[in-house]
$ cat data39.cif   # mmCIF, C-alpha atoms and all ligand atoms
data_coords
#
loop_
_atom_site.label_atom_id
_atom_site.label_comp_id
_atom_site.auth_asym_id
_atom_site.auth_seq_id
_atom_site.Cartn_x
_atom_site.Cartn_y
_atom_site.Cartn_z
CA MET A 1 1.46 -3.00 -13.36
CA ALA A 2 4.92 -4.65 -13.38
CA ASN A 3 7.15 -3.80 -16.33
CA TYR A 4 10.34 -5.80 -15.84
CA GLU A 5 11.41 -5.21 -19.46
CA LEU A 6 11.77 -1.54 -18.55
CA THR A 7 13.46 -2.18 -15.18
CA ARG A 8 16.09 -4.44 -16.79
CA GLN A 9 17.36 -1.43 -18.74
CA ILE A 10 18.30 0.43 -15.51
CA GLU A 11 21.77 -0.39 -14.09
CA GLY A 12 21.76 -2.21 -10.76
CA THR A 13 21.95 -5.66 -9.22
CA PHE A 14 18.28 -6.39 -8.59
CA SER A 15 17.56 -9.76 -10.26
CA GLU A 16 14.32 -10.73 -11.99
CA PRO A 17 13.16 -13.07 -9.14
CA GLU A 18 13.81 -10.13 -6.77
CA MET A 19 11.72 -7.82 -8.95
CA VAL A 20 8.86 -10.34 -8.77
CA ARG A 21 9.24 -10.66 -4.98
CA LEU A 22 9.35 -6.87 -4.45
CA ASN A 23 6.34 -6.48 -6.73
CA GLY A 24 4.40 -8.88 -4.47
CA ILE A 25 5.41 -7.05 -1.27
CA VAL A 26 4.54 -3.59 -2.69
CA SER A 27 1.21 -4.68 -4.13
CA LYS A 28 -0.06 -5.40 -0.57
CA VAL A 29 0.24 -1.71 0.47
CA PRO A 30 -3.28 -0.19 0.68
CA ASP A 31 -4.25 2.59 -1.72
CA ASP A 32 -4.02 5.37 0.89
CA GLY A 33 -0.65 4.03 2.10
CA ILE A 34 2.86 5.44 2.46
CA LEU A 35 5.90 3.62 1.15
CA VAL A 36 9.54 4.61 1.73
CA GLU A 37 12.64 3.21 0.02
CA ILE A 38 16.15 3.91 1.38
CA GLY A 39 18.78 3.62 -1.38
CA CYS A 40 17.63 4.09 -4.97
CA LEU A 41 20.94 4.37 -6.90
CA TYR A 42 19.76 4.83 -10.54
CA GLY A 43 16.20 3.72 -9.84
CA ARG A 44 16.17 -0.02 -10.63
CA SER A 45 14.23 -1.08 -7.51
CA SER A 46 12.36 2.26 -7.47
CA SER A 47 10.91 1.52 -10.91
CA VAL A 48 9.64 -1.87 -9.67
CA ILE A 49 8.04 -0.18 -6.66
CA TYR A 50 6.48 2.58 -8.74
CA TYR A 51 4.88 0.16 -11.20
CA ALA A 52 3.72 -2.24 -8.45
CA LYS A 53 2.10 0.29 -6.14
CA LYS A 54 -1.56 1.24 -6.16
CA PRO A 55 -2.16 4.67 -7.76
CA ASN A 56 -2.69 6.71 -4.58
CA VAL A 57 0.14 5.20 -2.53
CA GLN A 58 2.67 7.94 -1.70
CA PHE A 59 6.16 6.72 -2.63
CA PHE A 60 9.31 8.39 -1.25
CA THR A 61 12.88 7.37 -2.00
CA VAL A 62 15.74 8.43 0.28
CA ASP A 63 19.39 8.62 -0.86
CA ILE A 64 22.57 10.52 -0.06
CA PHE A 65 23.87 9.93 -3.61
CA VAL A 66 27.29 8.48 -2.77
CA GLY A 67 27.01 5.51 -5.15
CA THR A 68 28.45 2.10 -4.22
CA SER A 69 31.80 0.36 -4.64
CA ARG A 70 30.52 -0.98 -7.96
CA TRP A 71 28.35 1.90 -9.16
CA PRO A 72 29.95 5.37 -9.16
CA ALA A 73 28.45 8.37 -7.40
CA ASP A 74 29.49 10.58 -10.29
CA LYS A 75 26.28 11.82 -11.92
CA GLN A 76 24.16 9.38 -9.84
CA TYR A 77 21.43 11.97 -9.28
CA GLU A 78 21.41 13.04 -12.96
CA LYS A 79 21.22 9.39 -14.06
CA LEU A 80 18.30 8.80 -11.69
CA ILE A 81 16.43 11.84 -13.01
CA ASN A 82 17.11 10.79 -16.63
CA ASN A 83 15.88 7.26 -15.93
CA MET A 84 12.76 8.59 -14.19
CA SER A 85 11.85 10.66 -17.21
CA LYS A 86 12.84 8.00 -19.78
CA PHE A 87 11.03 5.14 -18.03
CA GLU A 88 8.26 7.20 -16.43
CA PHE A 89 8.50 6.40 -12.73
CA TYR A 90 8.17 9.23 -10.26
CA PRO A 91 9.09 8.69 -6.59
CA LYS A 92 9.34 11.75 -4.36
CA ILE A 93 13.09 12.07 -3.74
CA ILE A 94 14.40 12.89 -0.25
CA HIS A 95 18.08 13.84 -0.48
CA GLY A 96 19.55 12.76 2.87
CA ASN A 97 20.13 9.84 5.22
CA SER A 98 17.50 7.94 7.18
CA GLU A 99 17.86 10.15 10.28
CA MET A 100 17.13 13.28 8.27
CA ALA A 101 14.42 11.62 6.15
CA SER A 102 12.48 10.07 9.02
CA SER A 103 11.56 13.55 10.31
CA HIS A 104 9.32 13.96 7.22
CA PHE A 105 6.93 11.32 8.55
CA GLU A 106 4.40 11.13 11.39
CA ASP A 107 4.72 8.35 13.94
CA GLN A 108 2.92 5.15 12.90
CA SER A 109 2.25 6.41 9.36
CA ILE A 110 4.32 4.17 7.06
CA ASP A 111 3.03 0.92 5.52
CA LEU A 112 6.23 -0.34 3.89
CA LEU A 113 9.91 0.53 4.38
CA PHE A 114 12.34 -0.99 1.84
CA ILE A 115 16.03 -0.77 2.84
CA ASP A 116 18.79 -1.06 0.21
CA ALA A 117 21.38 1.56 1.22
CA ASN A 118 24.69 1.09 3.09
CA HIS A 119 24.81 -2.62 4.09
CA GLU A 120 27.23 -2.21 7.00
CA GLU A 121 25.68 -3.31 10.30
CA GLU A 122 25.71 0.12 11.94
CA PHE A 123 23.94 1.75 8.95
CA VAL A 124 21.27 -0.95 8.60
CA THR A 125 20.68 -0.69 12.36
CA THR A 126 20.32 3.10 12.11
CA ASP A 127 17.93 2.81 9.15
CA ILE A 128 15.74 0.40 11.14
CA LYS A 129 15.87 2.21 14.49
CA THR A 130 15.15 5.66 13.06
CA PHE A 131 12.17 4.46 11.03
CA LEU A 132 10.71 1.94 13.51
CA PRO A 133 8.55 4.54 15.39
CA LYS A 134 7.22 5.71 11.99
CA MET A 135 5.90 2.25 11.05
CA LYS A 136 2.20 1.36 11.42
CA LYS A 137 1.23 -1.72 13.42
CA GLY A 138 1.10 -4.64 10.98
CA SER A 139 3.32 -2.83 8.47
CA THR A 140 6.35 -4.35 6.73
CA ILE A 141 10.06 -3.59 6.79
CA SER A 142 11.85 -5.31 3.94
CA GLY A 143 15.19 -4.97 2.22
CA HIS A 144 17.78 -6.29 -0.19
CA ASP A 145 20.98 -8.29 0.27
CA TRP A 146 20.24 -10.73 3.10
CA GLY A 147 23.41 -12.46 1.89
CA PHE A 148 25.57 -9.83 3.62
CA PRO A 149 26.52 -11.09 7.14
CA SER A 150 26.36 -7.44 8.29
CA VAL A 151 22.72 -7.18 7.16
CA GLN A 152 21.87 -10.44 8.97
CA ALA A 153 23.63 -9.24 12.14
CA ALA A 154 21.71 -5.95 12.16
CA LEU A 155 18.36 -7.67 11.61
CA LYS A 156 18.96 -10.34 14.25
CA SER A 157 19.93 -7.72 16.81
CA CYS A 158 17.05 -5.33 16.00
CA PHE A 159 14.44 -8.13 15.78
CA PRO A 160 15.65 -10.98 18.04
CA ASN A 161 12.15 -12.46 18.36
CA SER A 162 10.69 -11.78 14.91
CA ASP A 163 10.20 -14.17 12.06
CA ILE A 164 12.40 -12.99 9.17
CA LYS A 165 10.80 -14.15 5.91
CA LEU A 166 13.14 -15.11 3.09
CA GLN A 167 12.45 -16.59 -0.31
CA GLN A 168 14.80 -19.03 -1.96
CA GLY A 169 16.49 -17.60 -5.03
CA THR A 170 16.28 -13.99 -3.84
CA SER A 171 18.13 -11.95 -1.23
CA ILE A 172 15.03 -10.05 -0.15
CA TRP A 173 14.11 -10.20 3.54
CA GLU A 174 10.81 -9.20 5.11
CA ILE A 175 9.58 -8.60 8.68
CA ILE A 176 6.07 -7.76 9.87
CA ILE A 177 6.05 -5.04 12.55
CA GLU A 178 3.78 -6.00 15.45
C1 LIG B 1 22.91 -0.82 -3.25
S1 LIG B 1 22.62 0.82 -3.84
C2 LIG B 1 20.87 0.84 -4.10
C3 LIG B 1 20.46 -0.02 -5.25
C4 LIG B 1 19.06 0.24 -5.75
N1 LIG B 1 18.07 -0.10 -4.75
C5 LIG B 1 18.82 -0.50 -7.04
O1 LIG B 1 17.86 -1.26 -7.15
O2 LIG B 1 19.61 -0.34 -7.97
C6 LIG B 1 22.82 1.75 -2.38
C7 LIG B 1 22.39 3.21 -2.45
O3 LIG B 1 22.34 3.70 -1.11
C8 LIG B 1 22.83 5.01 -1.08
N2 LIG B 1 23.31 5.21 0.31
C9 LIG B 1 24.47 4.81 0.86
N3 LIG B 1 24.52 5.13 2.16
C10 LIG B 1 23.34 5.75 2.45
C11 LIG B 1 22.76 6.31 3.62
N4 LIG B 1 23.41 6.31 4.80
N5 LIG B 1 21.54 6.87 3.53
C12 LIG B 1 20.86 6.88 2.36
N6 LIG B 1 21.34 6.36 1.21
C13 LIG B 1 22.57 5.81 1.25
C14 LIG B 1 23.88 5.10 -2.16
O4 LIG B 1 24.02 6.41 -2.63
C15 LIG B 1 23.29 4.14 -3.22
O5 LIG B 1 22.52 4.86 -4.14
#

$ encode --input "data39.cif" --output "structure tokens" --more "lines below"
Ligand SMILES: C[S@@+](CC[C@H](N)C(=O)[O-])C[C@H]1O[C@@H](n2cnc3c(N)ncnc32)[C@H](O)[C@@H]1O
Amino acid sequence: MANYELTRQIEGTFSEPEMVRLNGIVSKVPDDGILVEIGCLYGRSSSVIYYAKKPNVQFFTVDIFVGTSRWPADKQYEKLINNMSKFEFYPKIIHGNSEMASSHFEDQSIDLLFIDANHEEEFVTTDIKTFLPKMKKGSTISGHDWGFPSVQAALKSCFPNSDIKLQQGTSIWEIIIE
């Protein structure tokens, strides 16, 4: 069950409307499902995902632990581990980039991919293209920071004919994989 009071205590830029939106997207994943996040930083979005998911959903988070321009890489992993134990959320951590991480998964096995890593066009494109064969039919790829022109460019080039769902007041985007 959502616990935004807890999530607010973890550093990061995810806003409360975005927590609510992500909660709604995650809660649709079936109980035997697989969910992968790329880019956890200190665990702000990961905590939302963990509390929103059904109990048997397997939740993996992928990160290379380089921080961001705003949030330093120094002690990022230690901070994540401390937050996980303090706020009791437990994703399975995959230390690596999307190309390395995608090899952990069978083709057509993932129900939800949430992308919030490097927002440059080439990285978003790589995240999508490496994970696309791993997505089930009817699954969802979603992510943060639609406001970045580079994110929009990557999405429009990877999914020229897909409906990209947005919600006013958040920068979360969502695409259903046919
Ligand atoms: C915007 S932050 C994630 C914010 C996080 N979702 C939150 O709610 O606070 C981006 C994260 O992506 C990671 N990252 C950057 N490039 C990456 C890549 N190529 N593969 C995986 N993770 C990457 C960084 O280490 C950082 O933790």

$ atom_distance --input "data39.cif" --atom1 "atom CA of A:Asn3" --atom2 "atom CA of A:Ser85"
15.2 Å

$ residues_near_ligand --input "data39.cif" --ligand "ligand LIG 1 (chain B)" --cutoff "9 Å" --atoms "all atoms listed in the file" --output "MDAnalysis selection string"
chainID A and resid 10:14 37:48 62:68 70:73 76:77 95:99 101 114:119 123:124 126:127 143:145

$ atom_distance --input "data39.cif" --atom1 "atom CA of A:Arg8" --atom2 "atom CA of A:Ser27"
19.5 Å

$ atom_distance --input "data39.cif" --atom1 "atom CA of A:Pro55" --atom2 "atom CA of A:Gln108"
21.3 Å

$ residues_around --input "data39.cif" --residues "A:Tyr4" --least-positions-apart "2" --cutoff "10 Å" --atoms "only C-alpha atoms" --output "compact mmCIF listing (two decimals) with C-alpha atoms, keeping the file's coordinate frame"
# COMPACT_ATOMS: atom_id res chain seq x y z
CA MET A 1 1.46 -3.00 -13.36
CA ALA A 2 4.92 -4.65 -13.38
CA LEU A 6 11.77 -1.54 -18.55
CA THR A 7 13.46 -2.18 -15.18
CA ARG A 8 16.09 -4.44 -16.79
CA GLN A 9 17.36 -1.43 -18.74
CA SER A 15 17.56 -9.76 -10.26
CA GLU A 16 14.32 -10.73 -11.99
CA MET A 19 11.72 -7.82 -8.95
CA VAL A 20 8.86 -10.34 -8.77
CA ASN A 23 6.34 -6.48 -6.73
CA ARG A 44 16.17 -0.02 -10.63
CA SER A 47 10.91 1.52 -10.91
CA VAL A 48 9.64 -1.87 -9.67
CA TYR A 51 4.88 0.16 -11.20

$ closest_residue --input "data39.cif" --among "A:Val26, A:Ile164, A:Ile177, A:Cys158" --to "A:Thr140" --atoms "only C-alpha atoms"
A:Ile177

$ closest_residue --input "data39.cif" --among "A:Ser157, A:Ser109, A:Ser150, A:Ser171" --to "A:Lys136" --atoms "only C-alpha atoms"
A:Ser109

$ closest_residue --input "data39.cif" --among "A:Arg21, A:Lys53, A:Lys75, A:Lys137" --to "A:Pro91" --atoms "only C-alpha atoms"
A:Lys53

$ axis_aligned_box --input "data39.cif" --around "stretch 46-55 of chain A" --padding-each-side "6 Å" --output "AutoDock Vina command-line options"
--center_x 5.1 --center_y 1.2 --center_z -8.7 --size_x 26.5 --size_y 18.9 --size_z 17.1

$ closest_residue --input "data39.cif" --among "A:Leu166, A:Leu155, A:Met100, A:Leu112" --to "A:Lys28" --atoms "all atoms listed in the file"
A:Leu112

$ closest_residue --input "data39.cif" --among "A:Glu18, A:Ser162, A:Thr61, A:Glu78" --to "A:Trp146" --atoms "only C-alpha atoms"
A:Glu18

$ closest_residue --input "data39.cif" --among "A:Phe59, A:Asp32, A:Ile128, A:Asp74" --to "A:Lys92" --atoms "all atoms listed in the file"
A:Phe59

$ build_atoms --input "data39.cif" --residues "stretch 34-66 of chain A" --atoms "N, CA and C atoms" --output "short mmCIF file (atom, residue, chain, number, x, y, z; two decimals), in the frame of the given file"
data_model
loop_
_atom_site.label_atom_id
_atom_site.label_comp_id
_atom_site.auth_asym_id
_atom_site.auth_seq_id
_atom_site.Cartn_x
_atom_site.Cartn_y
_atom_site.Cartn_z
N ILE A 34 1.58 4.74 2.64
CA ILE A 34 2.86 5.44 2.46
C ILE A 34 3.97 4.40 2.40
N LEU A 35 4.82 4.57 1.41
CA LEU A 35 5.90 3.62 1.15
C LEU A 35 7.22 4.39 1.04
N VAL A 36 8.24 3.92 1.74
CA VAL A 36 9.54 4.61 1.73
C VAL A 36 10.62 3.60 1.35
N GLU A 37 11.46 4.00 0.40
CA GLU A 37 12.64 3.21 0.02
C GLU A 37 13.88 3.98 0.50
N ILE A 38 14.87 3.26 1.06
CA ILE A 38 16.15 3.91 1.38
C ILE A 38 17.20 3.29 0.47
N GLY A 39 17.76 4.09 -0.45
CA GLY A 39 18.78 3.62 -1.38
C GLY A 39 18.20 3.30 -2.74
N CYS A 40 18.26 4.29 -3.65
CA CYS A 40 17.63 4.09 -4.97
C CYS A 40 18.66 3.92 -6.09
N LEU A 41 19.89 4.37 -5.88
CA LEU A 41 20.94 4.37 -6.90
C LEU A 41 20.40 5.02 -8.19
N TYR A 42 20.24 4.25 -9.27
CA TYR A 42 19.76 4.83 -10.54
C TYR A 42 18.28 4.52 -10.76
N GLY A 43 17.64 3.90 -9.76
CA GLY A 43 16.20 3.72 -9.84
C GLY A 43 15.72 2.33 -10.23
N ARG A 44 16.61 1.33 -10.20
CA ARG A 44 16.17 -0.02 -10.63
C ARG A 44 15.04 -0.54 -9.72
N SER A 45 15.29 -0.61 -8.41
CA SER A 45 14.23 -1.08 -7.51
C SER A 45 13.09 -0.06 -7.44
N SER A 46 13.42 1.24 -7.54
CA SER A 46 12.36 2.26 -7.47
C SER A 46 11.35 2.09 -8.60
N SER A 47 11.84 1.69 -9.78
CA SER A 47 10.91 1.52 -10.91
C SER A 47 9.98 0.34 -10.64
N VAL A 48 10.51 -0.72 -10.02
CA VAL A 48 9.64 -1.87 -9.67
C VAL A 48 8.55 -1.39 -8.71
N ILE A 49 8.99 -0.64 -7.69
CA ILE A 49 8.04 -0.18 -6.66
C ILE A 49 6.97 0.70 -7.30
N TYR A 50 7.42 1.62 -8.14
CA TYR A 50 6.48 2.58 -8.74
C TYR A 50 5.40 1.85 -9.56
N TYR A 51 5.85 0.86 -10.34
CA TYR A 51 4.88 0.16 -11.20
C TYR A 51 4.02 -0.84 -10.43
N ALA A 52 4.49 -1.26 -9.24
CA ALA A 52 3.72 -2.24 -8.45
C ALA A 52 2.70 -1.59 -7.53
N LYS A 53 2.94 -0.32 -7.18
CA LYS A 53 2.10 0.29 -6.14
C LYS A 53 0.74 0.68 -6.69
N LYS A 54 -0.23 0.75 -5.77
CA LYS A 54 -1.56 1.24 -6.16
C LYS A 54 -1.44 2.74 -6.44
N PRO A 55 -2.36 3.30 -7.26
CA PRO A 55 -2.16 4.67 -7.76
C PRO A 55 -2.02 5.74 -6.68
N ASN A 56 -2.73 5.62 -5.57
CA ASN A 56 -2.69 6.71 -4.58
C ASN A 56 -1.67 6.50 -3.48
N VAL A 57 -0.91 5.41 -3.55
CA VAL A 57 0.14 5.20 -2.53
C VAL A 57 1.21 6.27 -2.72
N GLN A 58 1.59 6.94 -1.63
CA GLN A 58 2.67 7.94 -1.70
C GLN A 58 4.01 7.21 -1.58
N PHE A 59 4.88 7.45 -2.55
CA PHE A 59 6.16 6.72 -2.63
C PHE A 59 7.33 7.70 -2.55
N PHE A 60 8.12 7.55 -1.48
CA PHE A 60 9.31 8.39 -1.25
C PHE A 60 10.55 7.53 -1.38
N THR A 61 11.59 8.06 -2.01
CA THR A 61 12.88 7.37 -2.00
C THR A 61 13.94 8.28 -1.41
N VAL A 62 14.76 7.68 -0.52
CA VAL A 62 15.74 8.43 0.28
C VAL A 62 17.13 8.02 -0.19
N ASP A 63 18.02 8.99 -0.45
CA ASP A 63 19.39 8.62 -0.86
C ASP A 63 20.32 9.79 -0.57
N ILE A 64 21.56 9.46 -0.23
CA ILE A 64 22.57 10.52 -0.06
C ILE A 64 23.45 10.64 -1.30
N PHE A 65 23.20 9.83 -2.30
CA PHE A 65 23.87 9.93 -3.61
C PHE A 65 25.40 9.84 -3.50
N VAL A 66 25.84 8.75 -2.85
CA VAL A 66 27.29 8.48 -2.77
C VAL A 66 27.66 7.26 -3.60
#
